[in-house]
>>> print(open('data.csv').read())   # CSV, C-alpha atoms and all ligand atoms
chain,number,residue,atom,x,y,z
A,1,MET,CA,-45.6,-39.3,50.4
A,2,ASN,CA,-42.7,-39.9,48.0
A,3,LEU,CA,-44.0,-38.6,44.7
A,4,PRO,CA,-43.7,-41.0,41.8
A,5,THR,CA,-42.1,-39.9,38.5
A,6,GLN,CA,-44.9,-41.4,36.5
A,7,MET,CA,-48.6,-42.1,36.9
A,8,THR,CA,-51.5,-43.8,35.2
A,9,ALA,CA,-54.1,-41.8,33.3
A,10,MET,CA,-56.9,-42.2,30.7
A,11,THR,CA,-55.8,-40.3,27.6
A,12,ILE,CA,-56.7,-39.6,24.0
A,13,GLN,CA,-54.2,-39.1,21.1
A,14,GLN,CA,-56.6,-37.3,18.8
A,15,TYR,CA,-60.3,-36.2,18.6
A,16,GLY,CA,-62.9,-38.9,17.7
A,17,LYS,CA,-64.8,-41.9,18.8
A,18,THR,CA,-61.8,-44.1,19.6
A,19,PRO,CA,-61.9,-45.2,23.3
A,20,VAL,CA,-59.7,-43.6,25.9
A,21,GLN,CA,-56.5,-45.4,26.6
A,22,LYS,CA,-55.0,-46.3,29.9
A,23,GLN,CA,-51.4,-45.1,29.8
A,24,THR,CA,-48.4,-44.5,31.9
A,25,VAL,CA,-47.6,-40.8,31.6
A,26,ALA,CA,-45.3,-38.3,33.2
A,27,MET,CA,-46.5,-36.6,36.4
A,28,PRO,CA,-48.2,-33.2,35.8
A,29,MET,CA,-46.0,-30.1,36.1
A,30,TRP,CA,-47.0,-27.7,38.9
A,31,GLY,CA,-45.9,-24.1,39.2
A,32,ASP,CA,-45.5,-21.7,42.1
A,33,ASP,CA,-49.3,-20.9,42.3
A,34,ASP,CA,-50.4,-24.5,41.8
A,35,VAL,CA,-51.4,-27.4,43.9
A,36,LEU,CA,-50.7,-31.0,43.0
A,37,VAL,CA,-53.5,-33.3,44.1
A,38,GLN,CA,-53.7,-37.1,44.3
A,39,VAL,CA,-57.0,-37.8,42.7
A,40,HIS,CA,-59.3,-40.2,44.5
A,41,SER,CA,-62.6,-39.8,42.5
A,42,ALA,CA,-63.6,-38.0,39.4
A,43,SER,CA,-67.0,-37.3,38.0
A,44,ILE,CA,-68.1,-37.5,34.4
A,45,ASN,CA,-69.6,-34.5,32.6
A,46,PRO,CA,-71.0,-34.5,29.0
A,47,LEU,CA,-68.1,-32.0,28.6
A,48,ASP,CA,-65.7,-35.0,28.7
A,49,PHE,CA,-67.2,-36.8,25.6
A,50,LYS,CA,-67.7,-33.4,23.9
A,51,ILE,CA,-64.0,-32.6,24.3
A,52,LYS,CA,-63.1,-36.2,23.2
A,53,ASN,CA,-65.2,-36.0,20.1
A,54,GLY,CA,-63.7,-32.6,19.2
A,55,ASP,CA,-67.0,-30.7,19.5
A,56,LEU,CA,-65.4,-27.9,21.4
A,57,LYS,CA,-62.4,-27.3,19.2
A,58,LEU,CA,-63.4,-23.8,18.3
A,59,ILE,CA,-63.5,-22.8,22.0
A,60,LEU,CA,-60.9,-25.0,23.7
A,61,PRO,CA,-57.4,-25.4,22.1
A,62,PHE,CA,-56.2,-28.7,23.6
A,63,HIS,CA,-52.9,-30.5,22.8
A,64,PHE,CA,-52.3,-34.3,22.6
A,65,PRO,CA,-51.9,-36.6,24.3
A,66,LEU,CA,-54.7,-35.2,26.4
A,67,ILE,CA,-55.8,-36.6,29.8
A,68,LEU,CA,-59.6,-36.2,30.1
A,69,GLY,CA,-61.6,-35.4,33.1
A,70,ASN,CA,-62.9,-32.0,34.5
A,71,ASP,CA,-64.1,-32.7,38.0
A,72,PHE,CA,-62.3,-34.3,41.0
A,73,ALA,CA,-61.8,-34.8,44.7
A,74,GLY,CA,-58.6,-35.9,46.3
A,75,VAL,CA,-55.7,-35.2,48.7
A,76,VAL,CA,-53.1,-32.5,48.3
A,77,ALA,CA,-49.7,-34.1,47.5
A,78,ALA,CA,-47.6,-30.9,47.0
A,79,VAL,CA,-48.0,-27.2,46.9
A,80,GLY,CA,-46.2,-24.4,44.9
A,81,LYS,CA,-44.1,-21.9,46.8
A,82,ASN,CA,-46.7,-19.1,46.6
A,83,VAL,CA,-49.6,-21.2,47.9
A,84,LYS,CA,-50.6,-20.3,51.5
A,85,ASN,CA,-54.1,-21.7,51.9
A,86,PHE,CA,-53.5,-25.4,51.2
A,87,ALA,CA,-51.1,-28.0,52.8
A,88,VAL,CA,-50.1,-31.5,52.0
A,89,GLY,CA,-52.8,-33.9,53.2
A,90,ASP,CA,-55.7,-31.5,52.8
A,91,GLU,CA,-58.8,-33.2,51.3
A,92,VAL,CA,-60.0,-31.0,48.4
A,93,PHE,CA,-62.4,-30.8,45.4
A,94,ALA,CA,-62.5,-28.8,42.2
A,95,ARG,CA,-63.4,-28.3,38.6
A,96,THR,CA,-60.0,-28.4,36.8
A,97,ASP,CA,-58.4,-25.4,35.2
A,98,THR,CA,-60.3,-25.1,31.9
A,99,LEU,CA,-57.4,-26.0,29.7
A,100,ARG,CA,-55.7,-28.3,32.2
A,101,THR,CA,-58.1,-31.2,32.2
A,102,GLY,CA,-56.8,-34.5,33.7
A,103,ALA,CA,-59.2,-35.7,36.5
A,104,PHE,CA,-59.0,-39.2,35.0
A,105,GLY,CA,-55.4,-39.5,36.1
A,106,GLN,CA,-53.8,-40.4,39.5
A,107,PHE,CA,-52.5,-36.8,40.0
A,108,ILE,CA,-53.5,-33.4,38.7
A,109,ALA,CA,-52.0,-29.9,38.9
A,110,ILE,CA,-54.4,-27.0,39.4
A,111,LYS,CA,-54.3,-23.3,40.3
A,112,ALA,CA,-54.8,-22.9,44.0
A,113,ALA,CA,-57.4,-20.3,43.2
A,114,HIS,CA,-59.6,-23.0,41.7
A,115,LEU,CA,-59.4,-25.4,44.6
A,116,ALA,CA,-61.3,-25.7,47.9
A,117,GLN,CA,-61.4,-27.9,50.9
A,118,LYS,CA,-63.9,-30.6,50.3
A,119,PRO,CA,-67.2,-30.8,52.3
A,120,SER,CA,-66.3,-32.6,55.6
A,121,ASN,CA,-69.5,-34.6,55.6
A,122,LEU,CA,-69.1,-36.0,52.0
A,123,ASP,CA,-66.8,-38.8,50.8
A,124,PHE,CA,-64.5,-38.4,47.7
A,125,ASN,CA,-67.1,-39.8,45.3
A,126,GLU,CA,-69.8,-37.4,46.6
A,127,SER,CA,-67.4,-34.4,46.6
A,128,ALA,CA,-66.3,-35.1,43.0
A,129,SER,CA,-69.9,-35.0,41.8
A,130,LEU,CA,-70.4,-31.4,42.7
A,131,PRO,CA,-67.9,-28.8,41.4
A,132,LEU,CA,-68.6,-28.4,37.7
A,133,VAL,CA,-72.4,-28.7,37.9
A,134,ALA,CA,-72.8,-26.6,41.1
A,135,LEU,CA,-70.5,-23.8,39.7
A,136,THR,CA,-72.5,-23.9,36.5
A,137,ALA,CA,-75.8,-23.4,38.3
A,138,MET,CA,-74.4,-20.6,40.4
A,139,GLN,CA,-73.0,-18.8,37.5
A,140,ALA,CA,-76.1,-19.2,35.4
A,141,PHE,CA,-78.4,-17.8,38.2
A,142,GLU,CA,-76.0,-14.9,38.7
A,143,LYS,CA,-76.1,-14.1,35.0
A,144,MET,CA,-80.0,-14.2,35.1
A,145,GLY,CA,-79.9,-11.6,37.9
A,146,LEU,CA,-82.7,-13.3,39.8
A,147,LYS,CA,-84.0,-12.2,43.2
A,148,SER,CA,-85.6,-14.4,45.9
A,149,GLY,CA,-89.1,-15.3,44.6
A,150,SER,CA,-88.2,-15.1,40.9
A,151,LYS,CA,-89.4,-17.9,38.7
A,152,VAL,CA,-86.9,-20.1,36.9
A,153,LEU,CA,-87.3,-23.1,34.6
A,154,ILE,CA,-84.5,-25.7,34.7
A,155,HIS,CA,-84.6,-28.1,31.8
A,156,ALA,CA,-83.7,-31.8,32.5
A,157,GLY,CA,-84.1,-31.8,36.3
A,158,THR,CA,-82.8,-35.4,36.4
A,159,GLY,CA,-79.5,-34.6,34.7
A,160,GLY,CA,-76.2,-34.2,36.5
A,161,LEU,CA,-76.6,-30.5,36.2
A,162,GLY,CA,-80.4,-30.3,36.7
A,163,GLY,CA,-80.5,-32.2,40.0
A,164,ILE,CA,-78.0,-29.8,41.6
A,165,ALA,CA,-79.3,-26.7,39.9
A,166,ILE,CA,-82.8,-27.3,41.4
A,167,GLN,CA,-81.3,-27.5,44.9
A,168,ILE,CA,-79.2,-24.4,44.4
A,169,ALA,CA,-82.2,-22.5,43.0
A,170,LYS,CA,-84.1,-23.4,46.1
A,171,ILE,CA,-81.2,-22.3,48.4
A,172,LEU,CA,-81.4,-18.9,46.5
A,173,GLY,CA,-85.1,-18.7,47.2
A,174,LEU,CA,-86.3,-19.1,43.6
A,175,HIS,CA,-89.6,-20.7,42.4
A,176,VAL,CA,-88.5,-23.7,40.4
A,177,ALA,CA,-90.1,-25.5,37.5
A,178,THR,CA,-88.4,-28.4,35.8
A,179,THR,CA,-88.9,-30.8,32.9
A,180,VAL,CA,-88.4,-34.6,33.4
A,181,SER,CA,-89.7,-37.9,32.0
A,182,THR,CA,-92.7,-39.6,33.5
A,183,ALA,CA,-90.9,-42.0,36.0
A,184,ASN,CA,-89.1,-39.1,37.7
A,185,THR,CA,-91.9,-36.5,38.4
A,186,ALA,CA,-92.2,-37.4,42.1
A,187,TRP,CA,-88.4,-37.8,42.6
A,188,VAL,CA,-87.5,-34.2,41.4
A,189,LYS,CA,-90.1,-32.8,43.9
A,190,THR,CA,-87.9,-34.3,46.7
A,191,LEU,CA,-85.1,-32.2,45.3
A,192,GLY,CA,-87.2,-29.1,45.8
A,193,ALA,CA,-88.9,-28.5,42.4
A,194,ASP,CA,-92.2,-26.6,42.8
A,195,GLU,CA,-93.6,-27.4,39.4
A,196,VAL,CA,-92.8,-30.5,37.4
A,197,ILE,CA,-93.5,-30.9,33.7
A,198,ASP,CA,-93.5,-34.4,32.3
A,199,TYR,CA,-91.9,-33.8,28.9
A,200,LYS,CA,-93.2,-37.1,27.5
A,201,LYS,CA,-96.8,-36.1,28.0
A,202,GLU,CA,-97.0,-32.3,28.3
A,203,ASN,CA,-95.6,-29.2,26.5
A,204,PHE,CA,-93.8,-27.0,29.0
A,205,ASN,CA,-94.4,-23.9,26.8
A,206,GLU,CA,-98.2,-24.4,27.1
A,207,LYS,CA,-98.2,-24.9,30.9
A,208,LEU,CA,-95.7,-22.3,32.2
A,209,LYS,CA,-95.9,-18.5,31.9
A,210,ASP,CA,-94.4,-15.2,33.3
A,211,PHE,CA,-91.0,-16.8,34.1
A,212,ASP,CA,-88.0,-14.6,34.8
A,213,GLY,CA,-85.3,-17.0,33.7
A,214,VAL,CA,-84.6,-20.4,32.0
A,215,LEU,CA,-81.5,-22.5,32.5
A,216,ASP,CA,-81.4,-24.3,29.1
A,217,THR,CA,-79.5,-27.6,29.2
A,218,LEU,CA,-80.9,-29.0,25.9
A,219,GLY,CA,-80.6,-26.4,23.1
A,220,GLY,CA,-82.4,-26.8,19.8
A,221,ASP,CA,-86.2,-26.5,19.7
A,222,THR,CA,-86.5,-26.7,23.5
A,223,LEU,CA,-84.4,-23.5,23.7
A,224,LEU,CA,-86.5,-21.7,21.1
A,225,LYS,CA,-89.8,-22.7,22.8
A,226,SER,CA,-88.5,-21.6,26.1
A,227,PHE,CA,-88.8,-17.9,25.1
A,228,GLU,CA,-92.6,-18.4,25.1
A,229,ILE,CA,-92.7,-18.8,28.9
A,230,LEU,CA,-90.7,-15.7,29.7
A,231,LYS,CA,-92.1,-12.3,31.0
A,232,GLN,CA,-90.8,-9.1,29.2
A,233,GLY,CA,-87.1,-8.7,30.1
A,234,GLY,CA,-86.7,-12.4,31.0
A,235,LYS,CA,-83.4,-14.2,30.3
A,236,ILE,CA,-82.3,-17.5,29.0
A,237,ILE,CA,-78.9,-18.8,29.9
A,238,SER,CA,-78.0,-21.8,27.8
A,239,VAL,CA,-75.2,-24.2,28.5
A,240,ALA,CA,-76.1,-26.4,25.5
A,241,GLY,CA,-77.3,-24.0,22.8
A,242,MET,CA,-75.2,-21.9,20.4
A,243,PRO,CA,-72.4,-19.7,21.6
A,244,THR,CA,-72.8,-16.0,20.7
A,245,ALA,CA,-70.6,-13.1,19.4
A,246,GLN,CA,-70.7,-11.7,22.9
A,247,PHE,CA,-69.3,-15.0,24.2
A,248,ALA,CA,-66.5,-14.8,21.6
A,249,ASP,CA,-65.6,-11.3,22.8
A,250,GLU,CA,-65.6,-12.3,26.5
A,251,TRP,CA,-63.3,-15.3,25.7
A,252,GLY,CA,-61.1,-13.2,23.4
A,253,LEU,CA,-61.7,-15.6,20.4
A,254,ALA,CA,-60.5,-14.8,16.8
A,255,TRP,CA,-62.7,-12.6,14.7
A,256,TRP,CA,-63.7,-15.4,12.4
A,257,LYS,CA,-65.0,-17.5,15.3
A,258,LYS,CA,-67.0,-14.4,16.4
A,259,MET,CA,-68.5,-14.3,12.9
A,260,ILE,CA,-69.4,-18.0,13.0
A,261,PHE,CA,-71.0,-17.7,16.5
A,262,SER,CA,-72.9,-14.5,15.4
A,263,LEU,CA,-74.4,-16.4,12.4
A,264,ILE,CA,-75.3,-19.6,14.2
A,265,SER,CA,-77.0,-17.8,17.1
A,266,ALA,CA,-78.9,-15.3,14.9
A,267,LYS,CA,-82.1,-17.3,15.0
A,268,ILE,CA,-82.0,-17.5,18.8
A,269,HIS,CA,-81.4,-13.7,19.1
A,270,LYS,CA,-84.3,-13.0,16.7
A,271,THR,CA,-86.6,-15.2,18.8
A,272,ALA,CA,-85.4,-13.4,21.9
A,273,ARG,CA,-86.2,-10.0,20.4
A,274,LYS,CA,-89.7,-11.2,19.4
A,275,TYR,CA,-90.4,-12.0,23.1
A,276,GLY,CA,-88.7,-9.0,24.6
A,277,ALA,CA,-86.2,-11.3,26.2
A,278,SER,CA,-82.5,-11.9,26.1
A,279,TYR,CA,-80.2,-14.9,25.4
A,280,GLU,CA,-76.7,-15.7,26.7
A,281,PHE,CA,-74.4,-18.7,26.2
A,282,LEU,CA,-72.5,-19.7,29.4
A,283,PHE,CA,-69.3,-21.8,29.5
A,284,MET,CA,-68.7,-22.2,33.2
A,285,GLN,CA,-65.5,-21.1,34.9
A,286,PRO,CA,-63.6,-22.8,37.8
A,287,SER,CA,-63.7,-20.9,41.1
A,288,GLY,CA,-62.3,-21.9,44.5
A,289,LYS,CA,-64.2,-19.0,46.1
A,290,ARG,CA,-67.6,-20.2,44.9
A,291,LEU,CA,-66.7,-23.8,45.9
A,292,GLU,CA,-66.4,-22.6,49.5
A,293,SER,CA,-70.2,-21.7,49.4
A,294,ILE,CA,-70.9,-25.1,47.8
A,295,LYS,CA,-69.0,-26.8,50.6
A,296,ILE,CA,-70.9,-24.9,53.3
A,297,TRP,CA,-74.3,-25.7,51.7
A,298,ALA,CA,-73.3,-29.4,51.5
A,299,GLU,CA,-72.2,-29.3,55.2
A,300,GLN,CA,-75.5,-27.6,56.2
A,301,GLY,CA,-77.4,-30.4,54.4
A,302,LYS,CA,-78.9,-28.0,51.9
A,303,LEU,CA,-77.1,-29.4,48.9
A,304,THR,CA,-77.1,-33.2,48.5
A,305,PRO,CA,-75.1,-35.0,45.8
A,306,VAL,CA,-77.1,-37.0,43.3
A,307,ILE,CA,-75.1,-40.1,42.1
A,308,ASP,CA,-76.3,-42.5,39.5
A,309,GLN,CA,-73.4,-45.0,39.1
A,310,ILE,CA,-69.8,-45.4,40.2
A,311,PHE,CA,-67.4,-47.0,37.7
A,312,THR,CA,-63.9,-48.4,38.2
A,313,PHE,CA,-60.9,-46.6,36.7
A,314,ASP,CA,-60.6,-49.4,34.1
A,315,ASN,CA,-64.2,-48.8,33.1
A,316,THR,CA,-63.7,-45.0,32.4
A,317,GLN,CA,-64.6,-45.6,28.7
A,318,LYS,CA,-67.9,-47.3,29.8
A,319,ALA,CA,-68.7,-44.4,32.1
A,320,LEU,CA,-68.2,-42.0,29.2
A,321,GLU,CA,-70.4,-44.0,27.0
A,322,TYR,CA,-73.1,-44.1,29.6
A,323,SER,CA,-72.9,-40.3,29.9
A,324,GLU,CA,-73.1,-40.0,26.1
A,325,SER,CA,-76.4,-42.1,26.2
A,326,GLY,CA,-78.0,-39.0,27.7
A,327,ARG,CA,-80.0,-41.2,30.2
A,328,ALA,CA,-78.1,-40.7,33.4
A,329,LYS,CA,-80.1,-39.8,36.5
A,330,GLY,CA,-77.6,-37.6,38.4
A,331,LYS,CA,-73.9,-37.8,38.3
A,332,ILE,CA,-71.6,-40.6,37.1
A,333,ILE,CA,-68.4,-41.2,39.1
A,334,VAL,CA,-65.1,-42.8,38.3
A,335,LYS,CA,-63.1,-44.2,41.2
A,336,ILE,CA,-59.5,-43.4,40.3
A,337,GLN,CA,-56.9,-46.2,40.7
A,338,SER,CA,-55.1,-45.7,44.0
A,339,VAL,CA,-51.3,-45.2,43.9
A,340,GLU,CA,-49.3,-48.3,44.8
B,401,LIG,N1,-71.5,-24.8,29.1
B,401,LIG,C1,-71.3,-25.3,30.3
B,401,LIG,O1,-70.5,-24.6,31.1
B,401,LIG,C2,-71.9,-26.5,30.8
B,401,LIG,C3,-71.9,-26.9,32.1
B,401,LIG,C4,-72.6,-28.0,32.5
B,401,LIG,C5,-73.3,-28.8,31.6
B,401,LIG,N2,-73.4,-28.4,30.3
B,401,LIG,C6,-74.2,-29.1,29.3
B,401,LIG,O2,-75.5,-29.2,29.8
B,401,LIG,C7,-76.1,-30.4,29.3
B,401,LIG,C8,-76.7,-31.2,30.5
B,401,LIG,O3,-75.7,-31.6,31.3
B,401,LIG,P1,-75.9,-32.8,32.3
B,401,LIG,O4,-74.7,-33.0,33.1
B,401,LIG,O5,-77.2,-32.5,33.1
B,401,LIG,O6,-76.3,-34.0,31.3
B,401,LIG,P2,-76.8,-35.4,31.6
B,401,LIG,O7,-76.6,-35.7,33.1
B,401,LIG,O8,-76.3,-36.4,30.6
B,401,LIG,O9,-78.4,-35.3,31.3
B,401,LIG,C9,-79.1,-36.5,31.2
B,401,LIG,C10,-80.6,-36.2,31.7
B,401,LIG,O10,-81.3,-35.4,30.7
B,401,LIG,C11,-82.6,-35.8,30.7
B,401,LIG,N3,-83.3,-35.4,29.5
B,401,LIG,C12,-82.9,-35.8,28.2
B,401,LIG,N4,-83.7,-35.3,27.3
B,401,LIG,C13,-84.6,-34.5,28.0
B,401,LIG,C14,-85.7,-33.6,27.6
B,401,LIG,N5,-86.0,-33.5,26.3
B,401,LIG,N6,-86.4,-33.0,28.6
B,401,LIG,C15,-86.0,-33.1,29.9
B,401,LIG,N7,-85.0,-33.9,30.3
B,401,LIG,C16,-84.3,-34.6,29.4
B,401,LIG,C17,-82.6,-37.3,30.9
B,401,LIG,O11,-83.8,-37.7,31.5
B,401,LIG,P3,-84.6,-39.0,30.9
B,401,LIG,O12,-83.6,-40.1,30.6
B,401,LIG,O13,-85.6,-39.3,31.9
B,401,LIG,O14,-85.1,-38.4,29.6
B,401,LIG,C18,-81.4,-37.5,31.8
B,401,LIG,O15,-81.7,-37.7,33.2
B,401,LIG,C19,-75.0,-31.1,28.5
B,401,LIG,O16,-75.2,-30.8,27.2
B,401,LIG,C20,-73.7,-30.5,29.1
B,401,LIG,O17,-72.7,-30.5,28.2
B,401,LIG,C21,-72.7,-27.3,29.9
>>> encode(input="data.csv", output="structure tokens")
Amino acid sequence: MNLPTQMTAMTIQQYGKTPVQKQTVAMPMWGDDDVLVQVHSASINPLDFKIKNGDLKLILPFHFPLILGNDFAGVVAAVGKNVKNFAVGDEVFARTDTLRTGAFGQFIAIKAAHLAQKPSNLDFNESASLPLVALTAMQAFEKMGLKSGSKVLIHAGTGGLGGIAIQIAKILGLHVATTVSTANTAWVKTLGADEVIDYKKENFNEKLKDFDGVLDTLGGDTLLKSFEILKQGGKIISVAGMPTAQFADEWGLAWWKKMIFSLISAKIHKTARKYGASYEFLFMQPSGKRLESIKIWAEQGKLTPVIDQIFTFDNTQKALEYSESGRAKGKIIVKIQSVE
């Protein structure tokens, strides 16, 4: 295709509650190791509204205007001169480079190392629903160091992350418990959950014991209570709790941020010590290599996308608000406006 010089994207000019704006912006710049992708579908993650609201300012230094969107599927439109494994026309999917968001735009540039061919049996909407949550689940289970047969609790099994994490845990041979509200107890069993706790009626910390790991997607009191179900040496990986000093070191953050994270995670570490367990905060990383496993699992029928609703490009703000309601069952998709 002849590449346009401008494109349409959903942007923010500053952090806050003001809605995203549909704007005409310059095409993304792509370098020698990058691929330019024409985006067909994007998926929403709570990360999008957290970035928009400025909740992640301490971790992610963005510049404005900022195009939001962290997950996409589309077609390769151009490749940098060092890129050997992708060609124009390839159908691909990815979680964006961490500081190069922009899935809510007609084109996006991404490092080739973060991209993969999309699953051949899935459409663009289904493919866009997978990268961020599937990579998060894989990285969380790796950090837990679990073996086949290990017991893991996944909080919020009906969430965008939970529904995929349950399936990946089963692929890895884990015994899975999950927490959901009353209406969804039967449904999460179809995803593979072995034990289902109705969080509206039961206390998971009174029903579960001797677990090896917990994937905490809720933080707060739920995270603290989760230590009670672990065996000695068990591990909680949280994607919604407090970052730690260790996380600040891994990310090379300033000393004062490390101090803040050390203070705000002190109570969690104290609780972990009390139960002979450990705690780590995870912020997932893009990875084309891991996406190749996700593609294979999808093609083998072992990993099935879970989609709640599909929004038009013009309704991206509504899609973000629906995500922020915290009530989605599976993933929310935005169909990106096609290029004229
Ligand atoms: N750090 C990272 O790298 C990373 C990566 C991925 C996700 N995350 C974070 O992980 C969290 C979850 O993400 P997500 O995409 O799954 O969010 P989501 O799709 O918005 O989660 C919504 C789901 O959570 C369920 N839920 C709400 N309260 C619950 C409770 N107390 N117990 C059990 N289930 C509950 C809701 O079920 P009901 O409506 O039935 O209550 C709903 O289905 C977010 O905070 C996100 O930012 C972080």
>>> closest_residue(input="data.csv", among="A:Ile164, A:Ala77, A:Leu320, A:Leu122", to="Ile296 (chain A)", atoms="all atoms listed in the file")
A:Leu122
>>> closest_residue(input="data.csv", among="A:Lys50, A:Lys22, A:His175, A:Lys147", to="ligand LIG 401 (chain B)", atoms="only C-alpha atoms and all ligand atoms")
A:Lys50
>>> atom_distance(input="data.csv", atom1="CA of Lys118 (chain A)", atom2="atom C17 of ligand LIG 401 (chain B)")
27.8 Å
>>> residues_around(input="data.csv", residues="region 195-198 of chain A", least_positions_apart="5", cutoff="6 Å", atoms="all atoms listed in the file", output="list in words")
Ala177, Thr178, Thr179, Val180, Ser181 and Thr182 of chain A
>>> residues_around(input="data.csv", residues="region 31-48 of chain A", least_positions_apart="6", cutoff="6 Å", atoms="all atoms listed in the file", output="ChimeraX atom specification")
/A:71-83,103,106-112,124-125,128-129,332-336
>>> residues_around(input="data.csv", residues="Phe247 (chain A)", least_positions_apart="6", cutoff="12 Å", atoms="all atoms listed in the file", output="list in words")
Ile59, Ile237, Ser238, Val239, Leu253, Ala254, Trp255, Lys257, Lys258, Met259, Ile260, Phe261, Ser262, Ser265, Tyr279, Glu280, Phe281, Leu282, Phe283 and Met284 of chain A
>>> residues_near_ligand(input="data.csv", ligand="ligand LIG 401 (chain B)", cutoff="7 Å", atoms="only C-alpha atoms and all ligand atoms", output="MDAnalysis selection string")
chainID A and resid 45:47 132:133 136 155:162 179:181 184 199 217:218 239:240 282:284 323:324 326:331
>>> residues_near_point(input="data.csv", point="(-85.5, -15.3, 32.9)", cutoff="8 Å", atoms="all atoms listed in the file", output="count of residues only")
15
>>> closest_residue(input="data.csv", among="A:Ile12, A:Val92, A:Glu340, A:Leu224", to="Asp123 (chain A)", atoms="all atoms listed in the file")
A:Val92
>>> closest_residue(input="data.csv", among="A:Lys302, A:Arg290, A:Lys57, A:Lys143", to="Ala113 (chain A)", atoms="all atoms listed in the file")
A:Arg290
>>> residues_near_point(input="data.csv", point="(-90.7, -11.5, 21.7)", cutoff="10 Å", atoms="only C-alpha atoms", output="MDAnalysis selection string")
chainID A and resid 227:228 230:233 269:278
>>> atom_distance(input="data.csv", atom1="CA of Thr98 (chain A)", atom2="CA of Gly145 (chain A)")
24.5 Å
>>> atom_distance(input="data.csv", atom1="CA of Asn121 (chain A)", atom2="CA of Leu303 (chain A)")
11.4 Å
>>> decode(input="data.csv", residues="region 187-199 of chain A", atoms="N, CA, C and O atoms", output="PDB file, in the first residue's frame")
ATOM      1  N   TRP A 187     -19.638 -21.031  34.566  1.00  0.00           N
ATOM      2  CA  TRP A 187     -18.918 -20.615  33.348  1.00  0.00           C
ATOM      3  C   TRP A 187     -17.408 -20.765  33.487  1.00  0.00           C
ATOM      4  O   TRP A 187     -16.742 -21.252  32.569  1.00  0.00           O
ATOM      5  N   VAL A 188     -16.818 -20.371  34.642  1.00  0.00           N
ATOM      6  CA  VAL A 188     -15.345 -20.483  34.744  1.00  0.00           C
ATOM      7  C   VAL A 188     -14.878 -21.933  34.787  1.00  0.00           C
ATOM      8  O   VAL A 188     -13.729 -22.218  34.461  1.00  0.00           O
ATOM      9  N   LYS A 189     -15.789 -22.850  35.172  1.00  0.00           N
ATOM     10  CA  LYS A 189     -15.417 -24.280  35.109  1.00  0.00           C
ATOM     11  C   LYS A 189     -15.194 -24.691  33.658  1.00  0.00           C
ATOM     12  O   LYS A 189     -14.325 -25.517  33.364  1.00  0.00           O
ATOM     13  N   THR A 190     -15.961 -24.099  32.745  1.00  0.00           N
ATOM     14  CA  THR A 190     -15.777 -24.450  31.328  1.00  0.00           C
ATOM     15  C   THR A 190     -14.417 -23.962  30.813  1.00  0.00           C
ATOM     16  O   THR A 190     -13.908 -24.466  29.828  1.00  0.00           O
ATOM     17  N   LEU A 191     -13.838 -22.967  31.503  1.00  0.00           N
ATOM     18  CA  LEU A 191     -12.495 -22.506  31.111  1.00  0.00           C
ATOM     19  C   LEU A 191     -11.409 -23.412  31.695  1.00  0.00           C
ATOM     20  O   LEU A 191     -10.236 -23.279  31.356  1.00  0.00           O
ATOM     21  N   GLY A 192     -11.791 -24.264  32.652  1.00  0.00           N
ATOM     22  CA  GLY A 192     -10.828 -25.219  33.202  1.00  0.00           C
ATOM     23  C   GLY A 192     -10.622 -25.121  34.706  1.00  0.00           C
ATOM     24  O   GLY A 192      -9.876 -25.918  35.281  1.00  0.00           O
ATOM     25  N   ALA A 193     -11.272 -24.161  35.380  1.00  0.00           N
ATOM     26  CA  ALA A 193     -11.042 -24.001  36.830  1.00  0.00           C
ATOM     27  C   ALA A 193     -11.448 -25.283  37.568  1.00  0.00           C
ATOM     28  O   ALA A 193     -12.502 -25.861  37.298  1.00  0.00           O
ATOM     29  N   ASP A 194     -10.593 -25.730  38.494  1.00  0.00           N
ATOM     30  CA  ASP A 194     -10.891 -26.941  39.265  1.00  0.00           C
ATOM     31  C   ASP A 194     -11.737 -26.630  40.502  1.00  0.00           C
ATOM     32  O   ASP A 194     -12.565 -27.426  40.908  1.00  0.00           O
ATOM     33  N   GLU A 195     -11.460 -25.477  41.117  1.00  0.00           N
ATOM     34  CA  GLU A 195     -12.206 -25.071  42.314  1.00  0.00           C
ATOM     35  C   GLU A 195     -12.675 -23.642  42.095  1.00  0.00           C
ATOM     36  O   GLU A 195     -11.882 -22.786  41.709  1.00  0.00           O
ATOM     37  N   VAL A 196     -13.945 -23.382  42.361  1.00  0.00           N
ATOM     38  CA  VAL A 196     -14.485 -22.039  42.143  1.00  0.00           C
ATOM     39  C   VAL A 196     -15.049 -21.514  43.457  1.00  0.00           C
ATOM     40  O   VAL A 196     -15.859 -22.180  44.099  1.00  0.00           O
ATOM     41  N   ILE A 197     -14.593 -20.329  43.844  1.00  0.00           N
ATOM     42  CA  ILE A 197     -15.091 -19.696  45.065  1.00  0.00           C
ATOM     43  C   ILE A 197     -15.976 -18.516  44.654  1.00  0.00           C
ATOM     44  O   ILE A 197     -15.534 -17.645  43.906  1.00  0.00           O
ATOM     45  N   ASP A 198     -17.232 -18.536  45.144  1.00  0.00           N
ATOM     46  CA  ASP A 198     -18.149 -17.425  44.884  1.00  0.00           C
ATOM     47  C   ASP A 198     -17.832 -16.331  45.902  1.00  0.00           C
ATOM     48  O   ASP A 198     -18.200 -16.446  47.077  1.00  0.00           O
ATOM     49  N   TYR A 199     -17.154 -15.264  45.437  1.00  0.00           N
ATOM     50  CA  TYR A 199     -16.667 -14.263  46.402  1.00  0.00           C
ATOM     51  C   TYR A 199     -17.796 -13.455  47.044  1.00  0.00           C
ATOM     52  O   TYR A 199     -17.584 -12.792  48.050  1.00  0.00           O
TER      53      TYR A 199
END
